[in-house]
$ cat upload.cif   # mmCIF, C-alpha atoms
data_start
loop_
_atom_site.label_atom_id
_atom_site.label_comp_id
_atom_site.auth_asym_id
_atom_site.auth_seq_id
_atom_site.Cartn_x
_atom_site.Cartn_y
_atom_site.Cartn_z
CA MET A 1 -46.91 -83.45 -36.12
CA LEU A 2 -46.18 -85.31 -39.36
CA ARG A 3 -47.78 -88.53 -38.07
CA SER A 4 -51.04 -86.70 -37.32
CA GLN A 5 -51.32 -85.32 -40.88
CA SER A 6 -53.07 -87.13 -43.71
CA THR A 7 -51.05 -88.63 -46.55
CA SER A 8 -52.71 -86.27 -49.04
CA HIS A 9 -51.63 -83.33 -46.85
CA LEU A 10 -48.05 -84.63 -46.80
CA LEU A 11 -47.96 -85.11 -50.57
CA ARG A 12 -49.26 -81.58 -51.09
CA ALA A 13 -46.58 -80.34 -48.69
CA VAL A 14 -43.66 -81.91 -50.55
CA ALA A 15 -44.99 -80.59 -53.86
CA LEU A 16 -45.33 -77.04 -52.51
CA LEU A 17 -41.95 -77.12 -50.78
CA ARG A 18 -40.36 -78.29 -54.01
CA LEU A 19 -41.86 -75.30 -55.82
CA CYS A 20 -40.65 -72.97 -53.05
CA ARG A 21 -37.06 -73.97 -53.82
CA SER A 22 -37.29 -72.50 -57.33
CA ASP A 23 -35.87 -68.96 -57.25
CA ARG A 24 -37.41 -68.12 -60.61
CA LEU A 25 -40.87 -69.22 -59.53
CA VAL A 26 -40.69 -67.55 -56.12
CA ASP A 27 -39.41 -64.25 -57.56
CA ARG A 28 -42.33 -64.15 -59.99
CA SER A 29 -44.97 -65.49 -57.60
CA GLU A 30 -46.92 -62.22 -57.33
CA GLU A 31 -46.98 -61.88 -61.12
CA ILE A 32 -48.02 -65.51 -61.54
CA MET A 33 -50.85 -65.17 -59.03
CA SER A 34 -52.07 -61.96 -60.64
CA THR A 35 -52.20 -63.69 -64.02
CA ALA A 36 -53.91 -66.74 -62.55
CA ARG A 37 -56.57 -64.61 -60.89
CA ARG A 38 -57.24 -62.76 -64.15
CA VAL A 39 -57.48 -65.98 -66.18
CA LEU A 40 -59.38 -68.10 -63.65
CA GLY A 41 -61.56 -65.40 -62.15
CA LYS A 42 -61.83 -64.67 -58.44
CA GLY A 43 -63.96 -67.68 -57.55
CA MET A 44 -61.85 -70.33 -59.26
CA PHE A 45 -58.61 -68.67 -58.15
CA ASN A 46 -59.71 -68.74 -54.51
CA TRP A 47 -60.88 -72.36 -54.87
CA THR A 48 -57.49 -73.37 -56.28
CA MET A 49 -55.51 -71.51 -53.63
CA ARG A 50 -57.53 -73.05 -50.80
CA ARG A 51 -56.53 -76.50 -52.04
CA THR A 52 -52.88 -75.64 -52.57
CA ALA A 53 -50.65 -72.92 -51.08
CA TYR A 54 -53.28 -71.09 -49.02
CA GLY A 55 -54.56 -74.36 -47.59
CA HIS A 56 -51.06 -75.35 -46.57
CA PHE A 57 -49.71 -72.11 -45.07
CA VAL A 58 -52.89 -70.39 -43.79
CA ALA A 59 -55.48 -71.41 -41.19
CA GLY A 60 -58.42 -69.89 -43.07
CA ASP A 61 -60.41 -66.70 -43.38
CA ASP A 62 -61.28 -65.96 -39.78
CA LEU A 63 -60.62 -66.48 -36.08
CA PRO A 64 -62.68 -69.68 -35.78
CA SER A 65 -60.37 -71.18 -38.42
CA LEU A 66 -57.38 -70.13 -36.33
CA CYS A 67 -58.91 -71.68 -33.23
CA ARG A 68 -59.44 -75.01 -35.02
CA VAL A 69 -55.77 -75.06 -36.04
CA ALA A 70 -54.76 -74.13 -32.48
CA ASP A 71 -56.76 -77.08 -31.15
CA THR A 72 -55.06 -79.42 -33.61
CA LEU A 73 -51.60 -78.11 -32.72
CA ALA A 74 -52.32 -78.52 -29.01
CA LYS A 75 -52.76 -82.28 -29.51
CA ASP A 76 -49.10 -82.38 -30.55
CA ASN A 77 -48.02 -80.21 -27.59
CA VAL A 78 -47.48 -77.23 -29.92
CA ARG A 79 -48.78 -73.76 -29.09
CA CYS A 80 -50.35 -71.32 -31.52
CA MET A 81 -49.13 -67.87 -32.44
CA TYR A 82 -52.35 -66.32 -33.72
CA TYR A 83 -51.71 -64.03 -36.69
CA PRO A 84 -54.76 -62.29 -38.17
CA HIS A 85 -53.22 -60.65 -41.22
CA ILE A 86 -53.15 -56.83 -41.19
CA GLU A 87 -50.30 -54.71 -42.59
CA SER A 88 -49.51 -51.85 -44.95
CA ASP A 89 -46.41 -50.28 -46.54
CA GLU A 90 -45.23 -46.90 -47.83
CA GLY A 91 -46.74 -45.98 -51.16
CA GLU A 92 -50.01 -47.65 -50.23
CA ASP A 93 -53.02 -45.59 -49.20
CA ASP A 94 -52.72 -44.74 -45.52
CA MET A 95 -55.48 -46.35 -43.50
CA SER A 96 -58.02 -44.15 -41.77
CA MET A 97 -58.22 -43.87 -38.00
CA ASP A 98 -61.45 -45.89 -38.14
CA LEU A 99 -59.73 -48.74 -39.99
CA HIS A 100 -56.88 -48.70 -37.46
CA ASP A 101 -59.49 -49.07 -34.73
CA GLN A 102 -61.19 -51.90 -36.63
CA ASN A 103 -57.89 -53.73 -36.98
CA THR A 104 -57.20 -53.21 -33.29
CA SER A 105 -60.57 -54.80 -32.55
CA ILE A 106 -59.56 -57.80 -34.67
CA MET A 107 -56.40 -58.19 -32.59
CA LEU A 108 -58.36 -57.82 -29.35
CA ASN A 109 -60.72 -60.55 -30.52
CA ALA A 110 -57.74 -62.77 -31.29
CA ILE A 111 -56.46 -62.23 -27.74
CA ASP A 112 -59.90 -63.12 -26.39
CA VAL A 113 -60.04 -66.47 -28.23
CA ALA A 114 -56.38 -67.41 -27.75
CA ARG A 115 -55.54 -70.27 -25.43
CA GLU A 116 -53.78 -69.35 -22.19
CA GLY A 117 -50.06 -69.16 -22.92
CA GLY A 118 -50.75 -68.50 -26.59
CA MET A 119 -49.30 -65.62 -28.56
CA VAL A 120 -50.95 -63.03 -30.78
CA GLN A 121 -48.83 -61.51 -33.53
CA VAL A 122 -49.41 -57.83 -34.36
CA LYS A 123 -48.21 -55.72 -37.31
CA LEU A 124 -48.07 -52.09 -36.23
CA SER A 125 -48.44 -50.97 -39.85
CA GLY A 126 -52.03 -52.21 -39.64
CA ILE A 127 -52.95 -50.12 -36.61
CA ALA A 128 -50.76 -47.00 -36.90
CA SER A 129 -50.38 -44.06 -39.28
CA LEU A 130 -47.59 -44.76 -41.74
CA PRO A 131 -46.79 -41.06 -42.40
CA MET A 132 -46.45 -40.60 -38.64
CA LEU A 133 -44.12 -43.62 -38.28
CA SER A 134 -42.04 -42.49 -41.25
CA ALA A 135 -41.72 -38.89 -40.03
CA TRP A 136 -40.87 -39.99 -36.50
CA THR A 137 -38.27 -42.47 -37.75
CA THR A 138 -36.68 -39.83 -39.99
CA SER A 139 -36.43 -37.40 -37.08
CA MET A 140 -34.83 -40.11 -34.90
CA ARG A 141 -32.26 -40.92 -37.60
CA GLU A 142 -31.39 -37.25 -38.08
CA ALA A 143 -30.90 -36.80 -34.32
CA GLY A 144 -28.82 -39.98 -33.98
CA MET A 145 -31.48 -41.39 -31.67
CA MET A 146 -31.91 -45.13 -31.11
CA PRO A 147 -35.17 -46.77 -29.97
CA TYR A 148 -33.79 -47.11 -26.43
CA SER A 149 -32.37 -43.54 -26.18
CA ASP A 150 -33.68 -41.05 -23.59
CA ALA A 151 -34.99 -43.62 -21.11
CA SER A 152 -36.82 -40.99 -19.05
CA SER A 153 -39.10 -40.18 -22.01
CA LEU A 154 -39.76 -43.89 -22.53
CA VAL A 155 -40.83 -44.24 -18.92
CA LYS A 156 -43.14 -41.20 -19.17
CA ALA A 157 -44.72 -42.62 -22.34
CA ALA A 158 -45.22 -45.94 -20.55
CA GLU A 159 -46.91 -44.28 -17.59
CA LYS A 160 -49.01 -41.80 -19.61
CA PRO A 161 -49.91 -43.17 -23.08
CA GLY A 162 -52.29 -40.24 -23.53
CA GLU A 163 -49.33 -37.89 -23.71
CA VAL A 164 -46.39 -37.55 -26.13
CA HIS A 165 -42.85 -37.64 -24.76
CA GLY A 166 -39.42 -37.67 -26.41
CA VAL A 167 -40.64 -36.88 -29.93
CA ASP A 168 -39.40 -34.05 -32.17
CA ARG A 169 -41.69 -31.02 -31.86
CA ASP A 170 -42.27 -30.78 -35.62
CA VAL A 171 -43.37 -34.43 -35.68
CA VAL A 172 -45.67 -33.80 -32.72
CA ALA A 173 -47.16 -30.75 -34.44
CA ALA A 174 -47.96 -32.78 -37.56
CA HIS A 175 -48.78 -36.18 -36.04
CA GLY A 176 -49.40 -35.76 -32.32
CA ASP A 177 -52.93 -37.18 -32.44
CA SER A 178 -51.71 -40.24 -34.35
CA ILE A 179 -48.94 -40.86 -31.79
CA VAL A 180 -51.37 -40.72 -28.89
CA ALA A 181 -53.80 -42.98 -30.76
CA ILE A 182 -51.24 -45.73 -31.40
CA GLN A 183 -49.88 -45.51 -27.83
CA ARG A 184 -53.37 -46.05 -26.48
CA ARG A 185 -54.03 -48.95 -28.88
CA LEU A 186 -50.82 -50.72 -27.89
CA HIS A 187 -51.49 -50.40 -24.17
CA ARG A 188 -55.06 -51.56 -24.71
CA LEU A 189 -53.77 -54.69 -26.45
CA ALA A 190 -51.24 -55.32 -23.67
CA GLU A 191 -53.83 -54.82 -20.96
CA ARG A 192 -56.19 -57.31 -22.60
CA ALA A 193 -53.35 -59.81 -23.09
CA ALA A 194 -52.36 -59.52 -19.42
CA SER A 195 -55.93 -60.21 -18.30
CA ARG A 196 -56.10 -63.31 -20.54
CA LYS A 197 -52.60 -64.67 -19.73
CA VAL A 198 -51.69 -64.32 -23.41
CA HIS A 199 -48.52 -62.89 -24.92
CA VAL A 200 -48.67 -60.23 -27.63
CA ILE A 201 -45.77 -60.03 -30.09
CA PHE A 202 -45.20 -56.86 -32.06
CA ASP A 203 -43.51 -57.70 -35.35
CA ALA A 204 -40.56 -55.82 -36.82
CA GLU A 205 -41.08 -54.14 -40.17
CA GLN A 206 -39.08 -51.98 -42.60
CA THR A 207 -36.28 -49.70 -41.39
CA TYR A 208 -38.11 -46.57 -42.51
CA PHE A 209 -40.74 -47.38 -39.85
CA GLN A 210 -38.98 -49.66 -37.38
CA PRO A 211 -37.13 -47.26 -35.02
CA ALA A 212 -40.38 -45.45 -34.15
CA MET A 213 -42.22 -48.77 -33.91
CA GLN A 214 -39.60 -50.24 -31.60
CA ARG A 215 -39.64 -47.18 -29.38
CA LEU A 216 -43.42 -47.42 -29.07
CA VAL A 217 -43.22 -51.10 -28.19
CA LEU A 218 -40.36 -50.63 -25.74
CA SER A 219 -42.53 -48.25 -23.70
CA VAL A 220 -45.19 -50.97 -23.59
CA LEU A 221 -42.61 -53.49 -22.31
CA LEU A 222 -41.54 -51.06 -19.58
CA ARG A 223 -45.09 -50.93 -18.24
CA TRP A 224 -46.36 -54.48 -18.78
CA ASN A 225 -43.31 -56.74 -18.36
CA ARG A 226 -42.78 -56.30 -14.63
CA THR A 227 -43.54 -59.86 -13.53
CA ASP A 228 -42.13 -63.25 -14.52
CA TYR A 229 -44.90 -63.48 -17.15
CA PRO A 230 -43.89 -61.31 -20.15
CA VAL A 231 -47.03 -59.80 -21.65
CA ALA A 232 -45.38 -58.01 -24.59
CA TYR A 233 -42.56 -58.98 -26.94
CA THR A 234 -40.78 -56.85 -29.50
CA THR A 235 -38.92 -58.31 -32.51
CA VAL A 236 -35.25 -58.06 -33.42
CA GLN A 237 -34.19 -58.55 -37.06
CA ALA A 238 -30.69 -60.07 -37.20
CA TYR A 239 -30.17 -59.13 -40.86
CA LEU A 240 -29.74 -55.49 -39.77
CA LYS A 241 -26.24 -54.30 -38.90
CA GLU A 242 -27.57 -52.34 -35.93
CA SER A 243 -29.34 -55.30 -34.32
CA ASP A 244 -26.52 -56.08 -31.85
CA ASP A 245 -26.73 -52.54 -30.49
CA VAL A 246 -30.53 -52.65 -30.37
CA VAL A 247 -30.60 -55.88 -28.34
CA GLN A 248 -28.00 -54.64 -25.85
CA GLY A 249 -29.56 -51.19 -25.56
CA CYS A 250 -33.06 -52.52 -24.95
CA LEU A 251 -31.77 -55.04 -22.41
CA ASP A 252 -29.99 -52.27 -20.52
CA VAL A 253 -32.99 -49.92 -20.44
CA CYS A 254 -35.41 -52.63 -19.30
CA HIS A 255 -33.01 -53.82 -16.60
CA ALA A 256 -32.47 -50.27 -15.32
CA GLU A 257 -36.22 -49.65 -15.13
CA GLY A 258 -37.11 -52.96 -13.44
CA ALA A 259 -38.79 -54.51 -16.49
CA ARG A 260 -38.01 -57.69 -18.43
CA PHE A 261 -36.94 -57.36 -22.04
CA ALA A 262 -38.81 -59.92 -24.15
CA THR A 263 -38.15 -60.34 -27.84
CA LYS A 264 -38.61 -62.61 -30.78
CA VAL A 265 -35.35 -63.01 -32.70
CA VAL A 266 -35.72 -63.45 -36.46
CA ARG A 267 -33.35 -63.21 -39.38
CA GLY A 268 -35.65 -60.74 -41.12
CA GLY A 269 -38.16 -60.53 -43.93
CA TYR A 270 -37.38 -57.41 -46.02
CA MET A 271 -33.79 -57.96 -47.17
CA LYS A 272 -34.18 -57.30 -50.88
CA GLN A 273 -36.55 -54.40 -50.35
CA GLU A 274 -34.15 -52.74 -47.90
CA THR A 275 -31.20 -53.22 -50.28
CA ARG A 276 -33.10 -51.78 -53.25
CA ARG A 277 -34.30 -48.80 -51.24
CA ALA A 278 -30.78 -48.04 -49.98
CA GLN A 279 -29.50 -48.10 -53.56
CA ASP A 280 -32.36 -45.93 -54.83
CA HIS A 281 -31.96 -43.33 -52.06
CA GLY A 282 -28.15 -43.37 -51.92
CA TYR A 283 -27.56 -44.38 -48.32
CA GLU A 284 -25.61 -47.24 -46.76
CA ASN A 285 -27.34 -50.59 -46.95
CA PRO A 286 -28.58 -51.38 -43.41
CA VAL A 287 -28.53 -55.12 -44.13
CA TRP A 288 -25.60 -57.48 -43.60
CA PRO A 289 -23.90 -58.33 -46.94
CA SER A 290 -24.47 -62.10 -46.73
CA TYR A 291 -26.67 -64.81 -45.28
CA GLU A 292 -23.64 -66.03 -43.31
CA LYS A 293 -23.16 -62.63 -41.64
CA THR A 294 -26.87 -62.56 -40.81
CA ASN A 295 -26.55 -66.04 -39.32
CA GLU A 296 -23.64 -64.96 -37.13
CA CYS A 297 -25.59 -61.96 -35.86
CA TYR A 298 -28.68 -64.12 -35.28
CA ASN A 299 -26.70 -66.59 -33.20
CA ARG A 300 -25.08 -63.80 -31.16
CA SER A 301 -28.48 -62.31 -30.34
CA VAL A 302 -29.98 -65.66 -29.40
CA GLN A 303 -27.05 -66.58 -27.16
CA LEU A 304 -27.07 -63.20 -25.41
CA MET A 305 -30.82 -63.42 -24.80
CA ILE A 306 -30.53 -66.96 -23.41
CA ASP A 307 -27.73 -65.79 -21.10
CA ARG A 308 -30.00 -63.03 -19.79
CA ALA A 309 -32.96 -65.41 -19.57
CA ALA A 310 -30.84 -67.70 -17.41
CA GLY A 311 -30.37 -64.72 -15.10
CA ASP A 312 -34.15 -64.32 -15.00
CA SER A 313 -34.11 -60.82 -16.51
CA ALA A 314 -35.21 -61.51 -20.10
CA HIS A 315 -37.34 -63.74 -22.31
CA VAL A 316 -36.70 -64.86 -25.88
CA LEU A 317 -38.61 -66.56 -28.67
CA VAL A 318 -36.09 -68.23 -30.96
CA ALA A 319 -37.85 -67.98 -34.32
CA THR A 320 -36.12 -70.22 -36.86
CA GLN A 321 -36.76 -72.92 -39.46
CA ASN A 322 -33.06 -73.82 -39.21
CA LYS A 323 -32.17 -76.98 -37.24
CA ASP A 324 -28.59 -75.80 -36.62
CA SER A 325 -29.83 -72.58 -35.03
CA ALA A 326 -32.30 -74.49 -32.86
CA ASP A 327 -29.56 -76.91 -31.79
CA LEU A 328 -27.27 -74.01 -30.89
CA ALA A 329 -30.02 -72.49 -28.74
CA LYS A 330 -30.71 -75.82 -27.03
CA THR A 331 -27.00 -76.23 -26.27
CA ARG A 332 -26.82 -72.72 -24.80
CA MET A 333 -29.88 -73.43 -22.67
CA ALA A 334 -28.24 -76.57 -21.27
CA GLU A 335 -25.00 -74.70 -20.57
CA ARG A 336 -26.87 -71.95 -18.73
CA GLY A 337 -29.20 -74.28 -16.82
CA VAL A 338 -32.44 -73.25 -18.55
CA ALA A 339 -34.78 -76.26 -18.61
CA PRO A 340 -36.74 -76.99 -21.82
CA ALA A 341 -40.14 -76.57 -20.18
CA GLU A 342 -39.36 -73.08 -18.86
CA GLY A 343 -41.11 -71.65 -21.88
CA THR A 344 -41.66 -68.10 -20.73
CA ARG A 345 -37.86 -67.75 -20.53
CA VAL A 346 -36.84 -69.45 -23.78
CA CYS A 347 -39.23 -70.79 -26.39
CA PHE A 348 -39.10 -71.58 -30.10
CA GLY A 349 -41.21 -70.72 -33.14
CA GLN A 350 -41.67 -71.84 -36.73
CA ILE A 351 -43.93 -70.78 -39.57
CA TYR A 352 -47.08 -72.84 -40.10
CA GLY A 353 -46.45 -75.17 -43.01
CA LEU A 354 -42.65 -75.15 -42.65
CA ALA A 355 -40.18 -77.13 -40.53
CA ASP A 356 -42.81 -79.46 -39.05
CA TYR A 357 -40.06 -82.01 -38.39
CA LEU A 358 -38.24 -79.44 -36.24
CA THR A 359 -41.41 -78.38 -34.42
CA SER A 360 -42.23 -82.02 -33.67
CA SER A 361 -38.74 -82.75 -32.35
CA LEU A 362 -38.81 -79.72 -30.05
CA ALA A 363 -42.29 -80.52 -28.73
CA GLU A 364 -41.46 -84.18 -28.15
CA ASN A 365 -38.44 -83.12 -26.08
CA GLN A 366 -40.58 -80.82 -23.91
CA TYR A 367 -39.40 -77.51 -25.35
CA VAL A 368 -42.11 -74.87 -25.61
CA VAL A 369 -42.68 -74.31 -29.31
CA TYR A 370 -45.12 -72.18 -31.32
CA LYS A 371 -46.39 -72.16 -34.86
CA SER A 372 -47.03 -68.73 -36.42
CA VAL A 373 -50.42 -69.28 -38.07
CA PRO A 374 -51.85 -66.55 -40.33
CA SER A 375 -55.50 -66.07 -41.17
CA GLY A 376 -57.32 -63.75 -43.53
CA PRO A 377 -58.89 -63.43 -47.00
CA VAL A 378 -57.27 -65.51 -49.75
CA GLU A 379 -56.12 -62.65 -51.97
CA GLY A 380 -54.71 -60.46 -49.20
CA VAL A 381 -52.85 -63.25 -47.42
CA MET A 382 -51.53 -64.84 -50.62
CA ALA A 383 -50.12 -61.49 -51.78
CA TYR A 384 -48.41 -61.17 -48.39
CA LEU A 385 -47.01 -64.73 -48.59
CA ALA A 386 -45.73 -64.10 -52.12
CA ARG A 387 -43.86 -60.97 -51.00
CA ARG A 388 -42.36 -62.75 -48.00
CA ALA A 389 -41.33 -65.73 -50.14
CA ALA A 390 -39.60 -63.47 -52.66
CA GLU A 391 -37.76 -61.72 -49.83
CA ASN A 392 -36.74 -64.99 -48.19
CA ASN A 393 -35.80 -67.29 -51.05
CA ALA A 394 -32.34 -67.70 -49.49
CA VAL A 395 -34.12 -69.34 -46.56
CA LEU A 396 -36.53 -71.30 -48.74
CA ALA A 397 -33.62 -72.73 -50.68
CA ARG A 398 -32.51 -74.41 -47.44
CA ILE A 399 -35.76 -76.25 -46.66
CA HIS A 400 -34.73 -79.55 -48.22
CA LEU A 401 -34.81 -81.15 -44.76
CA ASP A 402 -38.55 -80.51 -44.59
CA SER A 403 -39.18 -82.53 -47.73
CA SER A 404 -36.76 -85.26 -46.64
CA GLU A 405 -38.54 -85.79 -43.33
CA ILE A 406 -41.96 -85.73 -44.98
CA TRP A 407 -40.87 -88.39 -47.49
CA LYS A 408 -39.62 -90.55 -44.61
CA GLU A 409 -43.10 -90.44 -43.07
CA ILE A 410 -44.78 -91.18 -46.42
CA TYR A 411 -42.45 -94.14 -47.05
CA ARG A 412 -43.15 -95.44 -43.55
CA ARG A 413 -46.88 -95.47 -44.31
CA TRP A 414 -46.30 -97.20 -47.60
CA GLY A 415 -44.18 -99.87 -45.92
CA MET A 416 -41.03 -98.80 -47.76
CA THR A 417 -38.78 -98.09 -44.76
#
$ encode --input "upload.cif" --output "structure tokens"
Amino acid sequence: MLRSQSTSHLLRAVALLRLCRSDRLVDRSEEIMSTARRVLGKGMFNWTMRRTAYGHFVAGDDLPSLCRVADTLAKDNVRCMYYPHIESDEGEDDMSMDLHDQNTSIMLNAIDVAREGGMVQVKLSGIASLPMLSAWTTSMREAGMMPYSDASSLVKAAEKPGEVHGVDRDVVAAHGDSIVAIQRRLHRLAERAASRKVHVIFDAEQTYFQPAMQRLVLSVLLRWNRTDYPVAYTTVQAYLKESDDVVQGCLDVCHAEGARFATKVVRGGYMKQETRRAQDHGYENPVWPSYEKTNECYNRSVQLMIDRAAGDSAHVLVATQNKDSADLAKTRMAERGVAPAEGTRVCFGQIYGLADYLTSSLAENQYVVYKSVPSGPVEGVMAYLARRAAENNAVLARIHLDSSEIWKEIYRRWGMT
């Protein structure tokens, strides 16, 4: 990938990656961008962002921009994970049902334009009622219910998305219409993805939404992942203490019901927010106490999923910018007899604009690898990137290899190797 990029692109990349390694700058990035927008005005701010951070990490405003990036990636044997940006959080105005339907249409359009074998990344917070997700999650926590509990209700929800099963009656009374609406949207997305031979990945979000989200998605997997082509993937966040149980529980339910559990494994993107919220509300922090503990959990989940993939009962997307984690996954694949090109069983993913050296190495060695490529308006996407950067500065601090590999390519072009 690096050899196909212009020298000016590479120089911009090393400058931006250098800035990303500054904790002080990353922690204040939202404040800095707000000030810059106020001083520069919207037009100049957008112009500046398009030539710097936005231009590096984002495909552009719309789906045609995403498709152009997908075409470029394909030349390097890299697949695209299409990510039209839609999300919301508690405390923000809840979207209307009409806006949820509009966002669903955006995701359906992304599925329609995606290349065969491509992935479309979906944030449920952009297509579901947040009060409903919060109330449902609270009721699950109070009842000691995990996303994979009460398998019979999951199966009924999979078979009849127009009905509500396995949900607390008070939640149904208050939010029944919203539950039915999101179930129908999810199955509509999966149905379209199946017809287009595209995968749809449902992202993990904050713990005050995630159990309900994961239960919704698990019912989709039970219906649509019944062949060797996994239509739908959920996401497991290894920074959560409960993630080991979630992986094992979901694997068991899918196996018992004749479906294939497919998941993206990530370290997680809301660590600081989760820690602050636990402190503010006086409950146990759901996040592992260190990056090292998160790493250990991540590696356990990846190895377990590869073991099950080798048995042809599961599929995993190993999402990491970390070379050591990728190497561990490759070693496990070799030990379990999973060939690199068997990409619907084990594949890899990196963020667009990061770890290009790792993506290139994987692609050149015939592993199936994706880039998660966001698109959307400058201000909305940049605010999202700033929040994710602030949450993940522990990861960003470890991206020195990116810059090192980029400099090697620049020096090669300048005849300095």
$ atom_distance --input "upload.cif" --atom1 "CA of Arg37 in chain A" --atom2 "CA of Glu379 in chain A"
9.1 Å
$ resolve_selection --input "upload.cif" --expression "the PyMOL selection byres ((chain A and resi 62-73) around 10)" --output "PyMOL selection string"
chain A and resi 1+4+58-61+74-85+106-107+109-110+113-115+118+352+370-371+373-377
$ resolve_selection --input "upload.cif" --expression "the PyMOL selection byres ((chain A and resi 330-337) around 7)" --output "list in words"
Gln303, Ile306, Asp307, Ala310, Ala326, Asp327, Leu328, Ala329, Val338 and Ala339 of chain A
$ atom_distance --input "upload.cif" --atom1 "CA of Tyr54 in chain A" --atom2 "CA of Val200 in chain A"
24.4 Å
$ atom_distance --input "upload.cif" --atom1 "CA of Met382 in chain A" --atom2 "CA of Met33 in chain A"
8.4 Å
$ residues_around --input "upload.cif" --residues "range 143-151 of chain A" --least-positions-apart "2" --cutoff "9 Å" --atoms "all atoms listed in the file" --output "VMD selection string"
chain A and resid 138 to 141 153 to 156 166 210 to 216 218 246 249 to 250 252 to 253 257
$ build_atoms --input "upload.cif" --residues "range 278-291 of chain A" --atoms "N, CA, C and O atoms" --output "compact mmCIF listing (two decimals), keeping the file's coordinate frame"
# COMPACT_ATOMS: atom_id res chain seq x y z
N ALA A 278 -32.06 -48.70 -50.29
CA ALA A 278 -30.78 -48.04 -49.98
C ALA A 278 -30.08 -47.59 -51.26
O ALA A 278 -29.53 -46.49 -51.34
N GLN A 279 -30.11 -48.45 -52.27
CA GLN A 279 -29.50 -48.10 -53.56
C GLN A 279 -30.23 -46.93 -54.21
O GLN A 279 -29.61 -45.98 -54.72
N ASP A 280 -31.55 -46.97 -54.19
CA ASP A 280 -32.36 -45.93 -54.83
C ASP A 280 -32.19 -44.57 -54.14
O ASP A 280 -32.22 -43.52 -54.81
N HIS A 281 -32.04 -44.57 -52.82
CA HIS A 281 -31.96 -43.33 -52.06
C HIS A 281 -30.54 -42.93 -51.70
O HIS A 281 -30.32 -41.90 -51.07
N GLY A 282 -29.55 -43.74 -52.09
CA GLY A 282 -28.15 -43.37 -51.92
C GLY A 282 -27.63 -43.38 -50.51
O GLY A 282 -26.79 -42.55 -50.15
N TYR A 283 -28.13 -44.27 -49.66
CA TYR A 283 -27.56 -44.38 -48.32
C TYR A 283 -27.01 -45.79 -48.10
O TYR A 283 -27.25 -46.71 -48.88
N GLU A 284 -26.24 -45.95 -47.03
CA GLU A 284 -25.61 -47.24 -46.76
C GLU A 284 -26.65 -48.32 -46.53
O GLU A 284 -27.64 -48.11 -45.80
N ASN A 285 -26.43 -49.47 -47.13
CA ASN A 285 -27.34 -50.59 -46.95
C ASN A 285 -27.35 -51.01 -45.48
O ASN A 285 -26.31 -51.33 -44.92
N PRO A 286 -28.53 -51.02 -44.83
CA PRO A 286 -28.58 -51.38 -43.41
C PRO A 286 -28.48 -52.88 -43.15
O PRO A 286 -28.40 -53.31 -42.00
N VAL A 287 -28.48 -53.67 -44.24
CA VAL A 287 -28.53 -55.12 -44.13
C VAL A 287 -27.13 -55.72 -44.24
O VAL A 287 -26.28 -55.24 -45.01
N TRP A 288 -26.87 -56.76 -43.48
CA TRP A 288 -25.60 -57.48 -43.60
C TRP A 288 -25.40 -57.96 -45.03
O TRP A 288 -26.37 -58.29 -45.71
N PRO A 289 -24.15 -58.03 -45.52
CA PRO A 289 -23.90 -58.33 -46.94
C PRO A 289 -24.11 -59.79 -47.34
O PRO A 289 -24.09 -60.10 -48.53
N SER A 290 -24.31 -60.69 -46.37
CA SER A 290 -24.47 -62.10 -46.73
C SER A 290 -25.36 -62.82 -45.73
O SER A 290 -25.55 -62.37 -44.60
N TYR A 291 -25.87 -63.96 -46.16
CA TYR A 291 -26.67 -64.81 -45.28
C TYR A 291 -25.82 -65.28 -44.11
O TYR A 291 -26.30 -65.39 -42.98
